[in-house]
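Peer 1: I am sharing run24.pdb, which consists of PDB, C-alpha atoms and all ligand atoms:
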```pdb
ATOM      1  CA  MET L   1      65.326   6.423  37.586
ATOM      2  CA  ALA L   2      64.380   4.563  40.709
ATOM      3  CA  ALA L   3      67.953   3.684  41.538
ATOM      4  CA  GLY L   4      69.159   7.251  41.067
ATOM      5  CA  CYS L   5      66.778   8.498  43.687
ATOM      6  CA  SER L   6      68.331   6.426  46.399
ATOM      7  CA  ALA L   7      71.916   6.062  45.320
ATOM      8  CA  GLY L   8      73.252   8.914  47.403
ATOM      9  CA  VAL L   9      74.201  11.264  44.560
ATOM     10  CA  THR L  10      72.567  14.435  43.280
ATOM     11  CA  SER L  11      69.410  13.995  41.264
ATOM     12  CA  THR L  12      69.563  12.699  37.724
ATOM     13  CA  GLU L  13      68.626  16.071  36.281
ATOM     14  CA  GLU L  14      71.431  17.894  38.034
ATOM     15  CA  ALA L  15      73.989  15.250  37.207
ATOM     16  CA  ALA L  16      73.154  15.475  33.506
ATOM     17  CA  GLY L  17      73.659  19.249  33.353
ATOM     18  CA  PRO L  18      77.458  19.645  33.068
ATOM     19  CA  GLU L  19      77.784  17.009  30.355
ATOM     20  CA  GLN L  20      75.341  18.820  28.120
ATOM     21  CA  VAL L  21      77.246  22.072  28.646
ATOM     22  CA  GLN L  22      80.521  20.413  27.709
ATOM     23  CA  GLY L  23      79.156  19.715  24.237
ATOM     24  CA  THR L  24      79.232  23.431  23.335
ATOM     25  CA  SER L  25      82.590  25.045  22.592
ATOM     26  CA  THR L  26      82.040  28.533  24.008
ATOM     27  CA  VAL L  27      81.712  27.545  27.617
ATOM     28  CA  ALA L  28      84.417  27.762  30.263
ATOM     29  CA  PRO L  29      86.032  24.469  31.305
ATOM     30  CA  PRO L  30      83.723  22.448  33.476
ATOM     31  CA  VAL L  31      84.268  22.588  37.169
ATOM     32  CA  SER L  32      85.306  19.372  38.785
ATOM     33  CA  PRO L  33      82.364  17.055  39.225
ATOM     34  CA  ALA L  34      80.512  17.007  42.496
ATOM     35  CA  PRO L  35      82.039  14.474  44.849
ATOM     36  CA  SER L  36      80.158  11.220  44.845
ATOM     37  CA  PRO L  37      80.210   8.855  47.789
ATOM     38  CA  SER L  38      82.614   5.981  47.560
ATOM     39  CA  PRO L  39      80.754   2.714  47.071
ATOM     40  CA  THR L  40      82.770   1.281  49.917
ATOM     41  CA  GLY L  41      82.459   4.362  52.124
ATOM     42  CA  PRO L  42      80.216   4.747  55.115
ATOM     43  CA  VAL L  43      76.530   5.427  54.722
ATOM     44  CA  GLY L  44      75.350   9.018  54.266
ATOM     45  CA  VAL L  45      77.007  12.332  54.974
ATOM     46  CA  LEU L  46      79.432  12.303  57.893
ATOM     47  CA  PRO L  47      80.134  15.253  60.189
ATOM     48  CA  ILE L  48      83.357  17.181  59.850
ATOM     49  CA  ALA L  49      85.419  18.142  62.877
ATOM     50  CA  GLY L  50      83.772  20.842  64.979
ATOM     51  CA  GLU L  51      80.596  20.847  62.890
ATOM     52  CA  VAL L  52      78.204  19.378  65.433
ATOM     53  CA  GLY L  53      77.010  21.140  68.576
ATOM     54  CA  LYS L  54      77.394  19.068  71.721
ATOM     55  CA  VAL L  55      74.441  17.871  73.754
ATOM     56  CA  ASP L  56      74.468  18.299  77.510
ATOM     57  CA  LYS L  57      75.428  15.018  79.049
ATOM     58  CA  GLY L  58      73.762  14.516  82.377
ATOM     59  CA  GLN L  59      72.993  11.486  84.483
ATOM     60  CA  LEU L  60      70.225  10.371  82.119
ATOM     61  CA  PRO L  61      70.219   9.807  78.351
ATOM     62  CA  PRO L  62      69.697  13.081  76.444
ATOM     63  CA  VAL L  63      66.418  13.660  74.584
ATOM     64  CA  ILE L  64      67.224  14.765  71.041
ATOM     65  CA  SER L  65      64.786  16.033  68.395
ATOM     66  CA  SER L  66      67.291  17.618  66.012
ATOM     67  CA  ILE L  67      71.037  17.692  65.500
ATOM     68  CA  SER L  68      72.853  20.967  66.104
ATOM     69  CA  THR L  69      74.624  21.788  62.824
ATOM     70  CA  THR L  70      74.646  24.535  60.175
ATOM     71  CA  ARG L  71      75.235  22.063  57.338
ATOM     72  CA  LYS L  72      72.280  21.313  55.073
ATOM     73  CA  VAL L  73      71.834  17.778  56.231
ATOM     74  CA  VAL L  74      68.725  15.965  57.481
ATOM     75  CA  PHE L  75      68.188  12.510  58.957
ATOM     76  CA  LEU L  76      65.615   9.859  58.055
ATOM     77  CA  THR L  77      64.051   7.570  60.646
ATOM     78  CA  ILE L  78      61.316   4.974  60.049
ATOM     79  CA  ASP L  79      59.109   3.647  62.850
ATOM     80  CA  ASP L  80      57.056   0.630  63.915
ATOM     81  CA  GLY L  81      57.177  -2.078  61.231
ATOM     82  CA  TRP L  82      53.592  -2.985  60.345
ATOM     83  CA  GLU L  83      54.105  -2.899  56.613
ATOM     84  CA  GLN L  84      57.005  -4.697  55.000
ATOM     85  CA  ASP L  85      57.024  -3.291  51.473
ATOM     86  CA  PRO L  86      59.412  -5.499  49.466
ATOM     87  CA  GLY L  87      59.945  -2.653  46.990
ATOM     88  CA  PHE L  88      61.425  -0.554  49.761
ATOM     89  CA  ALA L  89      63.826  -3.326  50.771
ATOM     90  CA  ARG L  90      64.994  -3.589  47.151
ATOM     91  CA  GLN L  91      65.379   0.186  47.043
ATOM     92  CA  VAL L  92      67.717   0.432  50.019
ATOM     93  CA  ARG L  93      69.352  -3.008  50.185
ATOM     94  CA  GLY L  94      72.950  -2.930  49.084
ATOM     95  CA  LYS L  95      72.831   0.836  48.586
ATOM     96  CA  ARG L  96      74.246   3.303  50.988
ATOM     97  CA  VAL L  97      70.995   4.995  51.989
ATOM     98  CA  PRO L  98      71.207   6.308  55.538
ATOM     99  CA  ILE L  99      68.065   5.419  57.449
ATOM    100  CA  THR L 100      67.554   4.415  61.055
ATOM    101  CA  VAL L 101      64.708   2.081  62.001
ATOM    102  CA  PHE L 102      62.837   2.239  65.319
ATOM    103  CA  ALA L 103      61.121  -1.134  65.541
ATOM    104  CA  THR L 104      58.187  -2.162  67.736
ATOM    105  CA  ARG L 105      58.109  -5.900  68.377
ATOM    106  CA  ASP L 106      54.329  -6.253  68.154
ATOM    107  CA  ALA L 107      54.275  -4.379  64.849
ATOM    108  CA  VAL L 108      57.107  -6.354  63.322
ATOM    109  CA  GLU L 109      55.609  -9.624  64.521
ATOM    110  CA  ALA L 110      52.082  -8.414  63.664
ATOM    111  CA  LYS L 111      50.483  -9.279  66.962
ATOM    112  CA  GLY L 112      49.502  -5.987  68.521
ATOM    113  CA  PRO L 113      47.136  -3.112  67.815
ATOM    114  CA  ILE L 114      48.103  -0.792  64.975
ATOM    115  CA  ASP L 115      49.851   2.499  65.624
ATOM    116  CA  ARG L 116      47.153   5.075  64.906
ATOM    117  CA  SER L 117      49.814   7.733  64.439
ATOM    118  CA  ALA L 118      50.944   5.771  61.380
ATOM    119  CA  GLU L 119      47.815   6.882  59.448
ATOM    120  CA  ASN L 120      46.355   4.135  57.311
ATOM    121  CA  GLY L 121      48.928   1.794  58.737
ATOM    122  CA  ARG L 122      47.514  -1.704  58.429
ATOM    123  CA  PHE L 123      49.146  -5.025  58.318
ATOM    124  CA  LEU L 124      49.338  -6.529  54.846
ATOM    125  CA  GLY L 125      51.421  -9.666  55.043
ATOM    126  CA  ALA L 126      53.406 -11.984  57.228
ATOM    127  CA  GLY L 127      55.350 -10.020  59.791
ATOM    128  CA  GLY L 128      58.810 -10.926  60.939
ATOM    129  CA  TRP L 129      62.337  -9.769  61.591
ATOM    130  CA  PRO L 130      64.144 -11.006  58.471
ATOM    131  CA  TYR L 131      62.885  -7.977  56.536
ATOM    132  CA  PHE L 132      64.599  -5.653  59.013
ATOM    133  CA  LYS L 133      67.794  -7.626  59.114
ATOM    134  CA  GLU L 134      67.810  -7.577  55.325
ATOM    135  CA  LEU L 135      67.560  -3.788  55.169
ATOM    136  CA  GLY L 136      71.093  -3.644  56.537
ATOM    137  CA  VAL L 137      70.488  -0.460  58.535
ATOM    138  CA  PRO L 138      70.552   0.249  62.279
ATOM    139  CA  VAL L 139      67.486  -1.197  64.025
ATOM    140  CA  GLU L 140      66.783   0.686  67.246
ATOM    141  CA  ASN L 141      64.253   0.402  70.064
ATOM    142  CA  HIS L 142      60.579   1.494  69.890
ATOM    143  CA  THR L 143      59.215  -0.773  72.707
ATOM    144  CA  LEU L 144      57.555  -4.173  72.686
ATOM    145  CA  SER L 145      53.905  -3.138  72.416
ATOM    146  CA  HIS L 146      53.853   0.599  71.560
ATOM    147  CA  PRO L 147      52.208   1.842  74.781
ATOM    148  CA  ASN L 148      51.874   5.405  75.994
ATOM    149  CA  LEU L 149      54.775   5.138  78.447
ATOM    150  CA  ARG L 150      53.404   7.907  80.649
ATOM    151  CA  THR L 151      50.665   5.490  81.708
ATOM    152  CA  LEU L 152      53.228   2.977  83.001
ATOM    153  CA  GLY L 153      55.405   3.021  86.090
ATOM    154  CA  TYR L 154      59.152   2.557  86.043
ATOM    155  CA  ASP L 155      59.020  -1.255  86.075
ATOM    156  CA  GLY L 156      56.499  -1.410  83.260
ATOM    157  CA  GLN L 157      58.517   1.008  81.150
ATOM    158  CA  LYS L 158      61.713  -0.902  81.815
ATOM    159  CA  ALA L 159      60.055  -4.155  80.739
ATOM    160  CA  GLU L 160      58.961  -2.535  77.464
ATOM    161  CA  ILE L 161      62.364  -1.042  76.695
ATOM    162  CA  CYS L 162      64.708  -3.791  77.901
ATOM    163  CA  GLY L 163      62.410  -6.424  76.390
ATOM    164  CA  ALA L 164      62.563  -4.808  72.971
ATOM    165  CA  SER L 165      66.354  -4.479  73.140
ATOM    166  CA  THR L 166      66.649  -8.178  73.955
ATOM    167  CA  VAL L 167      64.404  -9.166  71.026
ATOM    168  CA  ILE L 168      66.256  -6.909  68.580
ATOM    169  CA  LYS L 169      69.646  -8.191  69.717
ATOM    170  CA  ARG L 170      68.445 -11.764  69.253
ATOM    171  CA  GLN L 171      66.749 -11.172  65.895
ATOM    172  CA  VAL L 172      68.969  -8.604  64.217
ATOM    173  CA  GLY L 173      72.240  -9.180  66.029
ATOM    174  CA  VAL L 174      72.959  -5.738  67.495
ATOM    175  CA  ARG L 175      71.645  -4.383  70.796
ATOM    176  CA  PRO L 176      69.996  -0.951  70.376
ATOM    177  CA  THR L 177      71.616   2.164  71.825
ATOM    178  CA  LEU L 178      68.837   4.540  70.739
ATOM    179  CA  PHE L 179      65.245   4.645  71.918
ATOM    180  CA  ARG L 180      62.167   6.413  70.569
ATOM    181  CA  PRO L 181      59.132   6.554  72.880
ATOM    182  CA  PRO L 182      55.799   5.814  71.148
ATOM    183  CA  PHE L 183      53.875   9.021  70.327
ATOM    184  CA  GLY L 184      56.866  10.953  71.646
ATOM    185  CA  ASN L 185      55.469  10.516  75.178
ATOM    186  CA  TYR L 186      57.949  10.056  77.980
ATOM    187  CA  ASN L 187      58.760  11.107  81.541
ATOM    188  CA  THR L 188      61.710  10.831  83.913
ATOM    189  CA  ASP L 189      60.988   7.145  84.543
ATOM    190  CA  THR L 190      61.365   6.589  80.781
ATOM    191  CA  LEU L 191      64.846   8.077  80.821
ATOM    192  CA  ARG L 192      65.843   6.100  83.907
ATOM    193  CA  ALA L 193      64.512   2.884  82.417
ATOM    194  CA  ALA L 194      66.160   3.565  79.068
ATOM    195  CA  LYS L 195      69.484   4.086  80.807
ATOM    196  CA  ALA L 196      69.070   0.824  82.719
ATOM    197  CA  CYS L 197      68.487  -0.928  79.369
ATOM    198  CA  GLY L 198      71.712   0.416  77.854
ATOM    199  CA  ILE L 199      70.152   3.242  75.814
ATOM    200  CA  LYS L 200      72.515   6.156  75.142
ATOM    201  CA  ALA L 201      70.023   8.698  73.720
ATOM    202  CA  VAL L 202      66.274   9.163  73.344
ATOM    203  CA  LEU L 203      65.380  10.266  69.827
ATOM    204  CA  LEU L 204      62.325  12.355  68.998
ATOM    205  CA  TRP L 205      61.792  14.097  65.635
ATOM    206  CA  THR L 206      61.430  17.494  64.006
ATOM    207  CA  ALA L 207      58.847  16.732  61.294
ATOM    208  CA  SER L 208      56.858  13.726  60.167
ATOM    209  CA  VAL L 209      56.334  12.472  56.629
ATOM    210  CA  GLN L 210      52.816  11.660  55.449
ATOM    211  CA  PRO L 211      51.683   9.271  52.710
ATOM    212  CA  GLY L 212      52.782  10.644  49.344
ATOM    213  CA  GLY L 213      56.057  11.933  50.782
ATOM    214  CA  LYS L 214      54.486  15.133  52.110
ATOM    215  CA  ILE L 215      56.380  16.648  55.025
ATOM    216  CA  ALA L 216      54.245  17.750  58.008
ATOM    217  CA  TYR L 217      56.282  20.432  59.714
ATOM    218  CA  GLN L 218      55.976  21.442  63.309
ATOM    219  CA  THR L 219      57.073  24.965  62.383
ATOM    220  CA  PRO L 220      54.778  27.392  60.504
ATOM    221  CA  ASP L 221      57.325  28.386  57.830
ATOM    222  CA  LYS L 222      57.392  24.821  56.420
ATOM    223  CA  LYS L 223      61.115  24.796  55.822
ATOM    224  CA  LEU L 224      63.657  22.086  56.308
ATOM    225  CA  ARG L 225      66.385  23.144  58.675
ATOM    226  CA  PRO L 226      69.906  21.799  59.055
ATOM    227  CA  GLY L 227      69.890  18.880  61.450
ATOM    228  CA  ASP L 228      66.177  18.080  61.169
ATOM    229  CA  ILE L 229      65.168  14.516  62.032
ATOM    230  CA  LEU L 230      62.304  13.275  59.857
ATOM    231  CA  LEU L 231      59.911  10.545  60.961
ATOM    232  CA  LEU L 232      58.374   8.065  58.521
ATOM    233  CA  HIS L 233      56.420   4.866  59.147
ATOM    234  CA  PHE L 234      56.566   1.473  57.490
ATOM    235  CA  ARG L 235      53.451   1.968  55.397
ATOM    236  CA  PRO L 236      51.995   0.636  52.190
ATOM    237  CA  ASN L 237      53.831   2.240  49.263
ATOM    238  CA  LEU L 238      56.793   3.273  51.392
ATOM    239  CA  SER L 239      59.112   2.832  48.398
ATOM    240  CA  ARG L 240      57.180   5.373  46.309
ATOM    241  CA  ASP L 241      56.822   7.848  49.177
ATOM    242  CA  PHE L 242      60.477   7.481  50.086
ATOM    243  CA  ARG L 243      61.551   8.267  46.506
ATOM    244  CA  VAL L 244      59.374  11.387  46.442
ATOM    245  CA  LEU L 245      60.722  12.498  49.811
ATOM    246  CA  VAL L 246      64.397  11.972  49.000
ATOM    247  CA  ASN L 247      64.032  13.874  45.711
ATOM    248  CA  LYS L 248      62.308  16.705  47.552
ATOM    249  CA  ILE L 249      65.063  16.873  50.164
ATOM    250  CA  ARG L 250      67.773  16.991  47.487
ATOM    251  CA  ARG L 251      65.952  19.610  45.407
ATOM    252  CA  ARG L 252      66.043  21.834  48.460
ATOM    253  CA  GLY L 253      69.802  21.439  48.617
ATOM    254  CA  PHE L 254      69.900  19.086  51.580
ATOM    255  CA  GLU L 255      71.805  15.835  51.917
ATOM    256  CA  LEU L 256      71.023  12.741  53.950
ATOM    257  CA  GLY L 257      73.183  12.443  57.043
ATOM    258  CA  ASN L 258      74.442   9.451  58.960
ATOM    259  CA  LEU L 259      72.489   9.790  62.202
ATOM    260  CA  GLU L 260      74.719   7.489  64.224
ATOM    261  CA  ALA L 261      77.868   9.387  63.241
ATOM    262  CA  TYR L 262      76.261  12.764  63.982
ATOM    263  CA  LEU L 263      75.008  11.546  67.364
ATOM    264  CA  ALA L 264      78.442  10.212  68.208
ATOM    265  CA  ALA L 265      79.910  13.632  67.410
ATOM    266  CA  ALA L 266      77.217  15.403  69.456
ATOM    267  CA  MET L 267      77.787  13.182  72.468
ATOM    268  CA  ARG L 268      81.541  12.956  72.366
TER     269      ARG L 268
HETATM  270 ZN    ZN W 301      55.397   4.309  66.668
END
```
Would you encode the structure as structure tokens?
Peer 2:
Amino acid sequence: MAAGCSAGVTSTEEAAGPEQVQGTSTVAPPVSPAPSPSPTGPVGVLPIAGEVGKVDKGQLPPVISSISTTRKVVFLTIDDGWEQDPGFARQVRGKRVPITVFATRDAVEAKGPIDRSAENGRFLGAGGWPYFKELGVPVENHTLSHPNLRTLGYDGQKAEICGASTVIKRQVGVRPTLFRPPFGNYNTDTLRAAKACGIKAVLLWTASVQPGGKIAYQTPDKKLRPGDILLLHFRPNLSRDFRVLVNKIRRRGFELGNLEAYLAAAMR
């Protein structure tokens, strides 16, 4: 059951349906089975040609809070790094679950103040980078110390962003190209500093996910929309909440998209 929730196919209940129907003789021939992702294929749903709306490319990195598409696809991002739930690592490791991590050094290394936006976020065990390397997913930039960047000047912001990219490159092996400002707070200096640090896009979010897998929408109709970017945090019980969330997304007919591939298409 647990594996099915994160394996990138339709839910167990839906997958079982056609086989039961086949057992009766009066039913029309079964339609071809739903395509399942190749185990060696890339992670998550990929955009098809012409599907993705382009972002305006100016002098500074674009600020993106959703992907322009009509396909029922959403994107999962997980921030900070205070809690390192081993169950979650087992859930996603070796499986093709598309998530993007935005790591804060002081959270990962457990030496700064907690992110109050993470609700109940509290540090449980030894922090460190191996957990994030082990997840096998893109690890992007969420600053060194999780400050409100609007309170810092250009130099201070650049130190936070470039510093985090250097740490992530050293610890995980790949230099970030995406940046998420803590609390979603940024200004023009943020974009200039991000550019100077090699960041290609600044990623915000459309809705956040609360403990229990509940989605907190920023729109009153409480609906997922194609291209939504969902924000989670590394919290206690992330594995359970993640399972609930992914099932909910699939029940609503949405798939999990590969954020990096969709961004590449949007910025081509
Ligand atoms: Zn954060």
Peer 1: Which residues of segment 162-237 of chain L sit at most 12 Å from segment 255-266 of chain L, using all atoms listed in the file? Give each one's shortest atom pair and distance in Å (one decimal place), in chain and ascending residue order, as JSON lines.
Peer 2:
```
{"residue": "L:Pro176", "atom": "CA", "partner": "L:Glu260", "partner_atom": "CA", "distance": 11.5}
{"residue": "L:Thr177", "atom": "CA", "partner": "L:Glu260", "partner_atom": "CA", "distance": 9.8}
{"residue": "L:Leu178", "atom": "CA", "partner": "L:Glu260", "partner_atom": "CA", "distance": 9.3}
{"residue": "L:Lys200", "atom": "CA", "partner": "L:Leu263", "partner_atom": "CA", "distance": 9.8}
{"residue": "L:Ala201", "atom": "CA", "partner": "L:Leu263", "partner_atom": "CA", "distance": 8.6}
{"residue": "L:Val202", "atom": "CA", "partner": "L:Leu263", "partner_atom": "CA", "distance": 10.8}
{"residue": "L:Leu203", "atom": "CA", "partner": "L:Leu263", "partner_atom": "CA", "distance": 10.0}
{"residue": "L:Leu224", "atom": "CA", "partner": "L:Glu255", "partner_atom": "CA", "distance": 11.2}
{"residue": "L:Arg225", "atom": "CA", "partner": "L:Glu255", "partner_atom": "CA", "distance": 11.3}
{"residue": "L:Pro226", "atom": "CA", "partner": "L:Glu255", "partner_atom": "CA", "distance": 9.5}
{"residue": "L:Gly227", "atom": "CA", "partner": "L:Gly257", "partner_atom": "CA", "distance": 8.5}
{"residue": "L:Asp228", "atom": "CA", "partner": "L:Gly257", "partner_atom": "CA", "distance": 9.9}
{"residue": "L:Ile229", "atom": "CA", "partner": "L:Leu259", "partner_atom": "CA", "distance": 8.7}
{"residue": "L:Leu230", "atom": "CA", "partner": "L:Leu256", "partner_atom": "CA", "distance": 10.5}
```
Peer 1: Write the residues of the preceding selection, restricted to C-alpha atoms, as a CSV table (one decimal), keeping the file's coordinate frame.
Peer 2:
```csv
chain,number,residue,atom,x,y,z
L,176,PRO,CA,70.0,-1.0,70.4
L,177,THR,CA,71.6,2.2,71.8
L,178,LEU,CA,68.8,4.5,70.7
L,200,LYS,CA,72.5,6.2,75.1
L,201,ALA,CA,70.0,8.7,73.7
L,202,VAL,CA,66.3,9.2,73.3
L,203,LEU,CA,65.4,10.3,69.8
L,224,LEU,CA,63.7,22.1,56.3
L,225,ARG,CA,66.4,23.1,58.7
L,226,PRO,CA,69.9,21.8,59.1
L,227,GLY,CA,69.9,18.9,61.4
L,228,ASP,CA,66.2,18.1,61.2
L,229,ILE,CA,65.2,14.5,62.0
L,230,LEU,CA,62.3,13.3,59.9
```
Peer 1: Of the candidates L:Thr166, L:Thr219, L:Thr143, L:Gln210, which one gets nearest to ligand ZN 301 (chain W) if we count only C-alpha atoms and all ligand atoms?
Peer 2: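 Counting only C-alpha atoms and all ligand atoms, the residue closest to ligand ZN 301 (chain W) is L:Thr143.
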Peer 1: Counting only C-alpha atoms and all ligand atoms, what residues are within 9 Å of ligand ZN 301 (chain W), given as a list of chain:residue names?
Peer 2: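 Those within range of ligand ZN 301 (chain W) are L:Ile78, L:Asp79, L:Asp80, L:Gly81, L:Phe102, L:Ala103, L:Thr104, L:Ala107, L:Asp115, L:Arg116, L:Ser117, L:Ala118, L:His142, L:Thr143, L:His146, L:Arg180, L:Pro181, L:Pro182, L:Phe183, L:Gly184, L:His233.
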Peer 1: From the set L:Glu109, L:Glu83, L:Glu140, L:Asp189, which residue has the shortest atom-to-atom contact distance to Phe234 of chain L, counting all atoms listed in the file?
Peer 2: L:Glu83
Peer 1: What is the distance between atom CA of Val92 of chain L and atom CA of Gly136 of chain L, in Å to one decimal?
Peer 2: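 Taking atom CA of Val92 of chain L as the start and atom CA of Gly136 of chain L as the end point, the length is 8.4 Å.
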Peer 1: From the options L:Ile161, L:Val52, L:Ile168, L:Ile249, which residue's atoms come nearest to Val139 of chain L, counting all atoms listed in the file?
Peer 2: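 Closest candidate: L:Ile168.
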Peer 1: Got a sec to resolve the PyMOL selection byres (((chain L and resi 88) around 12) and not hetatm) on this structure and send the residues as a VMD selection string?
Peer 2: chain L and resid 2 to 3 6 78 83 to 87 89 to 95 97 99 131 to 132 134 to 135 233 to 243
Peer 1: So how far away is atom CA of Ser65 of chain L from atom CA of Trp205 of chain L, in Å?
Peer 2: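 That distance, rounded to one decimal, is 4.5 Å.
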Peer 1: To one decimal place in Å, what is the distance between atom CA of Val246 of chain L and atom CA of Gly213 of chain L?
Peer 2: 8.5 Å
